[in-house]
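Okay, structure first, notes after.
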Amino acid sequence: SDVIATEGLIQGLWRPGLTCNVLGMGTSACVRFGMYEVVRDGLASTAFPEGGNDSNALKKEKRPQDMLLAGLLCGLVGSCITTPFHLIKTLQQAETAELAAASNSGSGSGSGSGSAPKMITVAGFLKRAFRKGDVCSRLFNGVVPVSIRGSVFTAGQMMGYDGTKTIAQKQYQIPDGPTLHVASAIISSLCVAFLTTPADLIVTRLMNHNNHRASAIDTMKIIYRENNGNIFGFWRGFGVFFLRLTPVMLAYATVYEQLRKQFGLGYMS
């Protein structure tokens, strides 16, 4: 409510970082979903060589560890290559709050000259990085925690979604369809929220840190001290994250499954 009152619904909550978030999440999702079944079945083939190249036989033999490892690997790749999008999004959101505070106090970085501070843009960030000659270090600042977070995110997502579908169909003979997709997506969202809330907190703090040499370990120590040694402080915001994530997971799962069906690929199995 404070954000809406001071910055507005669209400008404060909706717009900051939206473009980068869409580009980053969209690209990452394409990589993660596109690779997942191939990697999972490839892992299954190493354990069941008698399955050969028969994808249907391998799908029947898929194991939880195959889902977990495939999710970790796909999430690692997808998050690594989209780190710049997540970085610029985080900086834009942080700068929006600073601009709103400066506007409310009647001050800003341009005070004295009468100019208002401008929010960072993608082009502006890239120009600044190229001008300072440290493009990789700036564009991929936080790549390790972002990749770890994305890896854990995808592992939770695929274990929750694929695992729930597999158990429901094998043990309870629930037919594959929209109802199962929705239920699996909700369970997937719960798994992801539990596994990635700590990593999300660390990544956000790290990307907002003025010191580019700060490490994930340093950030974890700061968060731990701020919560007086309470480890559950790393799950601060779990409920909000779950509520925010669930509609996204529902959209991902249902749209992905229906697109597969329309293109003659069948539901994910």
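FYI, nothing fancy with the structure tokens labels: chains A, B, ... in order, residues from 1 per chain, ligands from 1 as they appear.
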
Can you build me a table of stretch 148-239 of chain A residues sitting at most 7 Å from stretch 251-256 of chain A, with the closest atom pair per residue and its distance in Å to one decimal, using only C-alpha atoms, sorted by chain and residue number, as a Markdown table?
```
| residue | atom | partner | partner_atom | distance |
| --- | --- | --- | --- | --- |
| A:Pro178 | CA | A:Thr254 | CA | 6.9 |
| A:His181 | CA | A:Thr254 | CA | 6.3 |
| A:Ala185 | CA | A:Ala253 | CA | 6.3 |
```

A straight line from atom CA of A:Ser28 to atom CA of A:Thr46 spans 26.5 Å

Computed interatomic separation between atom CA of A:Cys74 and atom CA of A:Phe140 (Å):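 Answer for the atom CA of A:Cys74 to atom CA of A:Phe140 separation: 18.3 Å.
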
Residue nearest A:Tyr36 among A:Ser269, A:Thr19, A:Ile81, A:Met249 (counting only C-alpha atoms):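 For A:Tyr36, the nearest of the given residues is A:Ser269.
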
Can you tell me how far atom CA of A:Phe33 sits from atom CA of A:Ile88, in Å to one decimal?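 Result for atom CA of A:Phe33 versus atom CA of A:Ile88: 23.7 Å, one decimal.
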
For A:Ile186, work out the shell of residues within 12 Å, counting only C-alpha atoms and skipping chain neighbours fewer than 6 positions away, then give it as a PyMOL selection string. chain A and resi 156-158+160-162+164-165+179-180+192-193+242-254

Step one, run DSSP on the backbone; step two, keep only residues of stretch 175-215 of chain A assigned to helix (DSSP H, G or I); then write them as a VMD selection string. chain A and resid 178 to 208

Using only C-alpha atoms, find the one residue out of A:Asn227, A:Ser189, A:Gln258, A:Gln92 that sits nearest to A:Gly239.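 Ranking A:Asn227, A:Ser189, A:Gln258, A:Gln92 by distance to A:Gly239, first place goes to A:Ser189.
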
I'd like the neighbourhood of A:Gly34 as a list in words, where a residue qualifies if any of its atoms comes within 12 Å (using only C-alpha atoms), though same-chain residues fewer than 6 positions away should be ignored. Gly26, Thr27, Ser28, Arg40, Ala70, Gly71, Cys74, Gly75, Val77, Gly78, Tyr256, Arg260 and Met268 of chain A

If you keep N, CA and C atoms, can you produce a file of those selected residues as a PDB file, in the first residue's frame?
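Written file, result.pdb:
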```
ATOM      1  N   GLY A  26      11.117 -15.356 -20.124  1.00  0.00           N
ATOM      2  CA  GLY A  26      10.698 -16.041 -21.344  1.00  0.00           C
ATOM      3  C   GLY A  26      11.823 -16.857 -21.959  1.00  0.00           C
ATOM      4  N   THR A  27      12.998 -16.243 -22.047  1.00  0.00           N
ATOM      5  CA  THR A  27      14.151 -16.949 -22.609  1.00  0.00           C
ATOM      6  C   THR A  27      14.539 -18.137 -21.743  1.00  0.00           C
ATOM      7  N   SER A  28      14.573 -17.913 -20.436  1.00  0.00           N
ATOM      8  CA  SER A  28      14.936 -18.978 -19.510  1.00  0.00           C
ATOM      9  C   SER A  28      13.942 -20.138 -19.584  1.00  0.00           C
ATOM     10  N   ARG A  40      16.384 -35.367 -19.204  1.00  0.00           N
ATOM     11  CA  ARG A  40      15.847 -36.380 -18.280  1.00  0.00           C
ATOM     12  C   ARG A  40      15.890 -37.766 -18.901  1.00  0.00           C
ATOM     13  N   ALA A  70      18.018 -33.395 -14.027  1.00  0.00           N
ATOM     14  CA  ALA A  70      17.672 -32.715 -15.272  1.00  0.00           C
ATOM     15  C   ALA A  70      17.207 -31.292 -14.980  1.00  0.00           C
ATOM     16  N   GLY A  71      16.427 -31.130 -13.916  1.00  0.00           N
ATOM     17  CA  GLY A  71      15.983 -29.796 -13.530  1.00  0.00           C
ATOM     18  C   GLY A  71      17.142 -28.905 -13.126  1.00  0.00           C
ATOM     19  N   CYS A  74      19.206 -28.026 -16.451  1.00  0.00           N
ATOM     20  CA  CYS A  74      18.477 -27.115 -17.344  1.00  0.00           C
ATOM     21  C   CYS A  74      18.332 -25.727 -16.712  1.00  0.00           C
ATOM     22  N   GLY A  75      18.071 -25.697 -15.427  1.00  0.00           N
ATOM     23  CA  GLY A  75      17.953 -24.414 -14.737  1.00  0.00           C
ATOM     24  C   GLY A  75      19.269 -23.672 -14.697  1.00  0.00           C
ATOM     25  N   VAL A  77      21.729 -23.788 -16.947  1.00  0.00           N
ATOM     26  CA  VAL A  77      22.009 -23.222 -18.272  1.00  0.00           C
ATOM     27  C   VAL A  77      21.099 -22.024 -18.552  1.00  0.00           C
ATOM     28  N   GLY A  78      19.803 -22.201 -18.321  1.00  0.00           N
ATOM     29  CA  GLY A  78      18.851 -21.133 -18.609  1.00  0.00           C
ATOM     30  C   GLY A  78      19.106 -19.879 -17.802  1.00  0.00           C
ATOM     31  N   TYR A 256       1.849 -24.454 -21.797  1.00  0.00           N
ATOM     32  CA  TYR A 256       2.850 -25.372 -22.368  1.00  0.00           C
ATOM     33  C   TYR A 256       2.206 -26.696 -22.777  1.00  0.00           C
ATOM     34  N   ARG A 260       1.732 -28.127 -26.635  1.00  0.00           N
ATOM     35  CA  ARG A 260       2.244 -29.446 -27.033  1.00  0.00           C
ATOM     36  C   ARG A 260       1.136 -30.267 -27.690  1.00  0.00           C
ATOM     37  N   MET A 268       3.194 -33.558 -21.743  1.00  0.00           N
ATOM     38  CA  MET A 268       4.498 -33.945 -21.227  1.00  0.00           C
ATOM     39  C   MET A 268       4.369 -35.225 -20.413  1.00  0.00           C
TER      40      MET A 268
END
```

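Closest approach to A:Leu195 among A:Tyr267, A:Phe130, A:Phe238, A:Phe48: A:Phe238, based on only C-alpha atoms.
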
Could you pull the residues within 7 Å of stretch 216-219 of chain A, counting only C-alpha atoms, minus those fewer than 4 positions along the same chain, as a ChimeraX atom specification? /A:145,202,205-206,223
